[in-house]
>>> print(open('protein.cif').read())   # mmCIF, C-alpha atoms and all ligand atoms
data_target
loop_
_atom_site.label_atom_id
_atom_site.label_comp_id
_atom_site.auth_asym_id
_atom_site.auth_seq_id
_atom_site.Cartn_x
_atom_site.Cartn_y
_atom_site.Cartn_z
CA MET B 1 37.56 56.40 21.97
CA LYS B 2 35.64 53.18 21.44
CA VAL B 3 32.08 53.22 20.10
CA ALA B 4 29.48 50.51 19.50
CA CYS B 5 27.71 50.00 16.17
CA PRO B 6 24.67 47.84 16.93
CA GLY B 7 22.31 46.14 14.53
CA SER B 8 20.78 42.84 13.55
CA PHE B 9 22.88 42.66 10.36
CA ASP B 10 20.61 40.16 8.60
CA PRO B 11 22.84 40.17 6.59
CA ILE B 12 25.56 42.82 6.81
CA THR B 13 25.49 45.13 3.75
CA LEU B 14 28.00 47.52 2.19
CA GLY B 15 25.89 50.29 3.77
CA HIS B 16 26.67 48.88 7.22
CA VAL B 17 30.34 48.48 6.33
CA GLU B 18 30.52 52.10 5.21
CA ILE B 19 29.07 53.39 8.50
CA ILE B 20 31.33 51.11 10.57
CA ARG B 21 34.43 52.30 8.66
CA ARG B 22 33.45 55.96 9.04
CA ALA B 23 32.81 55.45 12.78
CA ARG B 24 36.25 53.83 13.09
CA ASP B 25 37.85 56.73 11.20
CA LEU B 26 36.16 59.27 13.48
CA PHE B 27 36.52 57.57 16.85
CA GLY B 28 39.41 55.12 16.48
CA GLU B 29 37.79 51.91 17.66
CA VAL B 30 34.47 50.19 16.97
CA VAL B 31 32.81 47.17 18.49
CA VAL B 32 30.06 45.90 16.23
CA ALA B 33 27.16 44.50 18.28
CA VAL B 34 25.26 41.82 16.40
CA GLY B 35 21.87 41.45 18.05
CA ARG B 36 18.43 40.00 17.81
CA ASN B 37 15.50 42.21 16.94
CA SER B 38 12.44 40.69 18.56
CA GLY B 39 10.26 42.55 16.04
CA LYS B 40 11.90 40.86 13.05
CA GLN B 41 12.03 37.30 11.76
CA HIS B 42 15.67 36.72 10.87
CA LEU B 43 16.78 34.89 7.72
CA PHE B 44 20.21 34.04 9.16
CA SER B 45 20.77 32.70 12.65
CA ALA B 46 22.59 34.86 15.20
CA GLU B 47 25.73 32.76 14.75
CA GLU B 48 25.59 33.08 10.97
CA ARG B 49 25.09 36.85 11.16
CA LEU B 50 28.02 37.10 13.58
CA ASP B 51 30.25 34.91 11.37
CA LEU B 52 29.38 36.88 8.22
CA ALA B 53 30.08 40.22 9.94
CA ARG B 54 33.37 38.90 11.35
CA ALA B 55 34.47 37.58 7.95
CA VAL B 56 33.59 40.84 6.18
CA LEU B 57 35.32 43.02 8.80
CA ALA B 58 38.29 40.75 9.51
CA ASP B 59 40.79 43.04 7.76
CA VAL B 60 39.40 46.32 9.06
CA GLU B 61 41.76 47.59 11.73
CA GLY B 62 40.19 48.82 14.96
CA VAL B 63 36.94 46.89 14.45
CA SER B 64 35.77 43.88 16.46
CA VAL B 65 32.47 42.02 16.25
CA GLU B 66 30.57 40.59 19.23
CA PHE B 67 27.14 39.16 19.92
CA ILE B 68 24.73 41.19 22.03
CA ASP B 69 22.24 39.20 24.06
CA GLY B 70 20.88 41.77 26.48
CA LEU B 71 20.54 45.50 26.77
CA LEU B 72 22.69 47.62 24.50
CA VAL B 73 23.73 49.84 27.41
CA ASP B 74 25.04 46.79 29.32
CA PHE B 75 26.90 45.70 26.18
CA CYS B 76 28.49 49.16 25.92
CA HIS B 77 29.61 49.12 29.54
CA ALA B 78 30.96 45.55 29.25
CA HIS B 79 32.96 46.41 26.12
CA ASP B 80 34.09 49.89 27.23
CA ALA B 81 32.18 51.55 24.40
CA GLU B 82 31.57 55.18 25.37
CA ALA B 83 28.89 55.92 22.77
CA ILE B 84 26.64 54.32 20.17
CA VAL B 85 26.96 55.16 16.48
CA LYS B 86 24.02 54.52 14.15
CA GLY B 87 23.59 55.29 10.47
CA LEU B 88 20.52 57.21 9.38
CA ARG B 89 19.07 56.79 5.90
CA PHE B 90 15.68 58.48 5.94
CA ALA B 91 13.19 60.10 8.30
CA SER B 92 11.64 56.81 9.39
CA ASP B 93 15.05 55.66 10.65
CA PHE B 94 15.27 58.81 12.73
CA ASP B 95 11.83 58.33 14.32
CA TYR B 96 12.82 54.85 15.50
CA GLU B 97 16.43 55.62 16.40
CA LEU B 98 15.53 58.71 18.41
CA GLN B 99 13.42 56.61 20.77
CA MET B 100 16.27 54.12 21.17
CA ALA B 101 18.75 56.95 21.75
CA HIS B 102 16.57 58.46 24.49
CA MET B 103 16.12 55.09 26.18
CA ASN B 104 19.83 54.32 26.05
CA GLN B 105 20.59 57.73 27.53
CA HIS B 106 18.07 57.14 30.35
CA ALA B 107 18.99 53.51 30.98
CA GLY B 108 22.75 53.70 30.78
CA ASP B 109 23.89 57.27 30.31
CA ILE B 110 25.15 56.34 26.84
CA GLU B 111 25.03 58.93 24.06
CA THR B 112 24.06 58.08 20.49
CA ILE B 113 25.76 59.72 17.51
CA PHE B 114 23.98 59.60 14.15
CA LEU B 115 25.91 59.44 10.90
CA PRO B 116 24.05 60.19 7.67
CA ALA B 117 24.27 57.26 5.26
CA GLY B 118 26.50 58.05 2.29
CA PRO B 119 24.96 58.61 -1.15
CA THR B 120 26.15 55.31 -2.65
CA PHE B 121 24.43 52.98 -0.19
CA GLY B 122 22.04 55.53 1.26
CA THR B 123 18.87 53.51 0.79
CA VAL B 124 20.27 49.99 1.12
CA SER B 125 18.69 47.87 3.83
CA SER B 126 19.07 44.21 4.75
CA THR B 127 15.29 43.84 4.41
CA MET B 128 15.37 45.15 0.84
CA MET B 129 18.33 42.89 0.01
CA ARG B 130 16.48 39.82 1.28
CA GLN B 131 13.31 40.75 -0.60
CA ILE B 132 15.02 41.42 -3.94
CA ALA B 133 17.13 38.26 -3.65
CA TRP B 134 14.04 36.24 -2.76
CA PHE B 135 12.44 37.30 -6.06
CA GLY B 136 15.63 36.34 -7.95
CA GLY B 137 17.03 39.87 -8.27
CA ASP B 138 20.74 40.64 -8.25
CA VAL B 139 21.93 42.57 -5.20
CA ALA B 140 25.65 41.82 -5.63
CA LYS B 141 26.63 45.47 -5.87
CA PHE B 142 25.18 46.23 -2.43
CA LEU B 143 26.74 43.33 -0.53
CA PRO B 144 30.24 42.07 0.25
CA PRO B 145 30.81 39.11 -2.15
CA LEU B 146 30.76 36.42 0.54
CA VAL B 147 27.49 37.82 1.94
CA ASN B 148 25.91 37.82 -1.51
CA GLU B 149 26.93 34.18 -1.95
CA ALA B 150 25.49 33.27 1.45
CA LEU B 151 22.23 35.10 0.69
CA VAL B 152 21.76 33.46 -2.71
CA ALA B 153 22.51 30.03 -1.20
CA ARG B 154 20.12 30.56 1.73
CA ILE B 155 17.25 31.64 -0.51
CA ALA B 156 17.86 28.68 -2.86
CA ARG B 157 17.87 26.31 0.13
CA ASN B 158 14.70 27.80 1.59
CA ASN B 159 12.92 27.67 -1.79
CA SER B 160 13.91 24.02 -2.30
CA ASN B 161 12.41 23.20 1.13
CA ASP B 162 9.07 24.87 0.28
O1 LIG B 201 19.21 46.43 13.04
P1 LIG B 201 18.26 46.67 14.15
O2 LIG B 201 17.05 45.80 14.00
O3 LIG B 201 17.91 48.11 14.33
O4 LIG B 201 19.04 46.21 15.46
C1 LIG B 201 18.37 46.11 16.64
C2 LIG B 201 19.27 45.94 17.85
C3 LIG B 201 19.72 44.52 18.04
C4 LIG B 201 20.48 46.81 17.75
C5 LIG B 201 18.39 46.46 18.99
O5 LIG B 201 17.24 45.68 19.06
C6 LIG B 201 19.08 46.49 20.32
O6 LIG B 201 19.73 47.45 20.64
N1 LIG B 201 18.91 45.41 21.10
C7 LIG B 201 19.43 45.34 22.42
C8 LIG B 201 18.31 45.42 23.44
C9 LIG B 201 18.10 46.82 23.92
O7 LIG B 201 18.95 47.44 24.50
N2 LIG B 201 16.90 47.34 23.61
C10 LIG B 201 16.51 48.63 24.03
C11 LIG B 201 17.10 49.70 23.18
S1 LIG B 201 16.26 51.13 23.56
#
>>> encode(input="protein.cif", output="structure tokens", more="lines below")
Ligand code: PNS
Amino acid sequence: MKVACPGSFDPITLGHVEIIRRARDLFGEVVVAVGRNSGKQHLFSAEERLDLARAVLADVEGVSVEFIDGLLVDFCHAHDAEAIVKGLRFASDFDYELQMAHMNQHAGDIETIFLPAGPTFGTVSSTMMRQIAWFGGDVAKFLPPLVNEALVARIARNNSND
């Protein structure tokens, strides 16, 4: 069975990678949907987020990475994904994800399966990674090495432009 793991991945973290790997182990095949969240201002462009996710997941069998530029339910139908898998860290994730799950069930008859985030990366978020890195903190242990390098370089570039 193929499932979709959607997100904005700005940037992809080891928490994301863990959920994607566990989804692959459970269901066999995963298509990662890299999207735009209209409620967020992204640090990396859509192409950069897609390239980073593809580079990080290149060696993970059964996982592909595609851009989503429309409704998630249409993406699922187009890529033969039979369900959506999302990681849940804390209650606020659930409040938001439950609404999305209901809408995706209504709009496209697509079920959502929630996986609890593992204890190691259970509270890691891309937002937190960007914030800590922006203040000069080290987030290397929460990110794939090439993502950490890209994040440090992007923040340095943005700061030099200020
Ligand atoms: O990491 P995020 O911010 O939770 O990811 C958001 C994303 C891109 C997965 C979400 O905005 C999404 O599913 N976009 C597709 C548009 C859509 O279907 N929206 C309605 C879902 S109820």
>>> residues_around(input="protein.cif", residues="Leu57 in chain B", least_positions_apart="3", cutoff="12 Å", atoms="only C-alpha atoms", output="list in words")
Ile12, Thr13, Leu14, His16, Val17, Glu18, Ile20, Arg21, Arg24, Val30, Val31, Val32, Leu50, Asp51, Leu52, Ala53, Arg54, Val60, Glu61, Gly62, Val63, Ser64, Val65, Glu66, Pro144, Leu146 and Val147 of chain B
>>> residues_near_ligand(input="protein.cif", ligand="ligand LIG 201 (chain B)", cutoff="8 Å", atoms="all atoms listed in the file", output="list in words")
Pro6, Gly7, Ser8, Phe9, Asp10, Ala33, Val34, Gly35, Arg36, Asn37, Ser38, Gly39, Lys40, Ile68, Asp69, Gly70, Leu71, Leu72, Val73, Asp74, Glu97, Gln99, Met100, Ala101, His102, Met103 and Asn104 of chain B
>>> residues_near_point(input="protein.cif", point="(20.7, 29.2, 6.6)", cutoff="8 Å", atoms="all atoms listed in the file", output="PyMOL selection string")
chain B and resi 43-45+48+154+157-158
>>> write_last_selection(input="protein.cif", atoms="C-alpha atoms", output="PDB file, in the frame of the given file")
ATOM      1  CA  LEU B  43      16.780  34.890   7.720  1.00  0.00           C
ATOM      2  CA  PHE B  44      20.210  34.040   9.160  1.00  0.00           C
ATOM      3  CA  SER B  45      20.770  32.700  12.650  1.00  0.00           C
ATOM      4  CA  GLU B  48      25.590  33.080  10.970  1.00  0.00           C
ATOM      5  CA  ARG B 154      20.120  30.560   1.730  1.00  0.00           C
ATOM      6  CA  ARG B 157      17.870  26.310   0.130  1.00  0.00           C
ATOM      7  CA  ASN B 158      14.700  27.800   1.590  1.00  0.00           C
TER       8      ASN B 158
END
>>> closest_residue(input="protein.cif", among="B:Ile84, B:Ala107, B:Val152, B:Phe67", to="Gln131 in chain B", atoms="only C-alpha atoms")
B:Val152
>>> residues_around(input="protein.cif", residues="Gly122 in chain B", least_positions_apart="3", cutoff="8 Å", atoms="all atoms listed in the file", output="list in words")
Gly15, Arg89, Ala117, Gly118 and Pro119 of chain B
>>> atom_distance(input="protein.cif", atom1="CA of Ala4 in chain B", atom2="CA of Val139 in chain B")
27.0 Å
>>> closest_residue(input="protein.cif", among="B:Ala46, B:Glu82, B:Ala150, B:Met128", to="Gln105 in chain B", atoms="all atoms listed in the file")
B:Glu82
>>> atom_distance(input="protein.cif", atom1="CA of Glu29 in chain B", atom2="CA of Ala55 in chain B")
17.6 Å
>>> closest_residue(input="protein.cif", among="B:Gly108, B:Tyr96, B:Lys141, B:Pro11", to="Phe75 in chain B", atoms="only C-alpha atoms")
B:Gly108
>>> residues_around(input="protein.cif", residues="Trp134 in chain B", least_positions_apart="3", cutoff="9 Å", atoms="only C-alpha atoms", output="list of chain:residue names")
B:Met129, B:Arg130, B:Gln131, B:Gly137, B:Leu151, B:Val152, B:Ile155, B:Ala156, B:Asn159
>>> atom_distance(input="protein.cif", atom1="CA of Gln41 in chain B", atom2="CA of Ala153 in chain B")
18.2 Å
>>> decode(input="protein.cif", residues="range 126-160 of chain B", atoms="C-alpha atoms", output="PDB file, in the first residue's frame")
ATOM      1  CA  SER B 126      11.193  23.033  11.457  1.00  0.00           C
ATOM      2  CA  THR B 127      10.018  26.304  13.028  1.00  0.00           C
ATOM      3  CA  MET B 128      12.070  25.655  16.166  1.00  0.00           C
ATOM      4  CA  MET B 129      15.102  24.671  14.069  1.00  0.00           C
ATOM      5  CA  ARG B 130      14.906  27.914  12.086  1.00  0.00           C
ATOM      6  CA  GLN B 131      14.500  30.002  15.232  1.00  0.00           C
ATOM      7  CA  ILE B 132      17.389  28.420  17.135  1.00  0.00           C
ATOM      8  CA  ALA B 133      19.669  28.590  14.089  1.00  0.00           C
ATOM      9  CA  TRP B 134      18.709  32.222  13.529  1.00  0.00           C
ATOM     10  CA  PHE B 135      19.969  33.052  17.039  1.00  0.00           C
ATOM     11  CA  GLY B 136      23.221  31.174  16.352  1.00  0.00           C
ATOM     12  CA  GLY B 137      22.277  27.962  18.190  1.00  0.00           C
ATOM     13  CA  ASP B 138      23.455  24.532  17.110  1.00  0.00           C
ATOM     14  CA  VAL B 139      20.698  22.254  15.802  1.00  0.00           C
ATOM     15  CA  ALA B 140      22.984  19.742  14.062  1.00  0.00           C
ATOM     16  CA  LYS B 141      21.735  16.800  16.092  1.00  0.00           C
ATOM     17  CA  PHE B 142      18.161  17.331  14.908  1.00  0.00           C
ATOM     18  CA  LEU B 143      18.864  17.690  11.185  1.00  0.00           C
ATOM     19  CA  PRO B 144      20.412  15.594   8.426  1.00  0.00           C
ATOM     20  CA  PRO B 145      23.948  17.029   7.919  1.00  0.00           C
ATOM     21  CA  LEU B 146      23.275  18.517   4.481  1.00  0.00           C
ATOM     22  CA  VAL B 147      20.130  20.229   5.801  1.00  0.00           C
ATOM     23  CA  ASN B 148      22.037  21.683   8.740  1.00  0.00           C
ATOM     24  CA  GLU B 149      24.645  23.061   6.327  1.00  0.00           C
ATOM     25  CA  ALA B 150      21.938  24.561   4.114  1.00  0.00           C
ATOM     26  CA  LEU B 151      20.192  26.134   7.120  1.00  0.00           C
ATOM     27  CA  VAL B 152      23.371  27.678   8.543  1.00  0.00           C
ATOM     28  CA  ALA B 153      24.297  29.025   5.084  1.00  0.00           C
ATOM     29  CA  ARG B 154      20.809  30.469   4.484  1.00  0.00           C
ATOM     30  CA  ILE B 155      20.722  32.258   7.835  1.00  0.00           C
ATOM     31  CA  ALA B 156      24.236  33.649   7.277  1.00  0.00           C
ATOM     32  CA  ARG B 157      23.198  34.886   3.820  1.00  0.00           C
ATOM     33  CA  ASN B 158      20.000  36.467   5.119  1.00  0.00           C
ATOM     34  CA  ASN B 159      21.838  38.156   8.003  1.00  0.00           C
ATOM     35  CA  SER B 160      24.490  39.563   5.651  1.00  0.00           C
TER      36      SER B 160
END
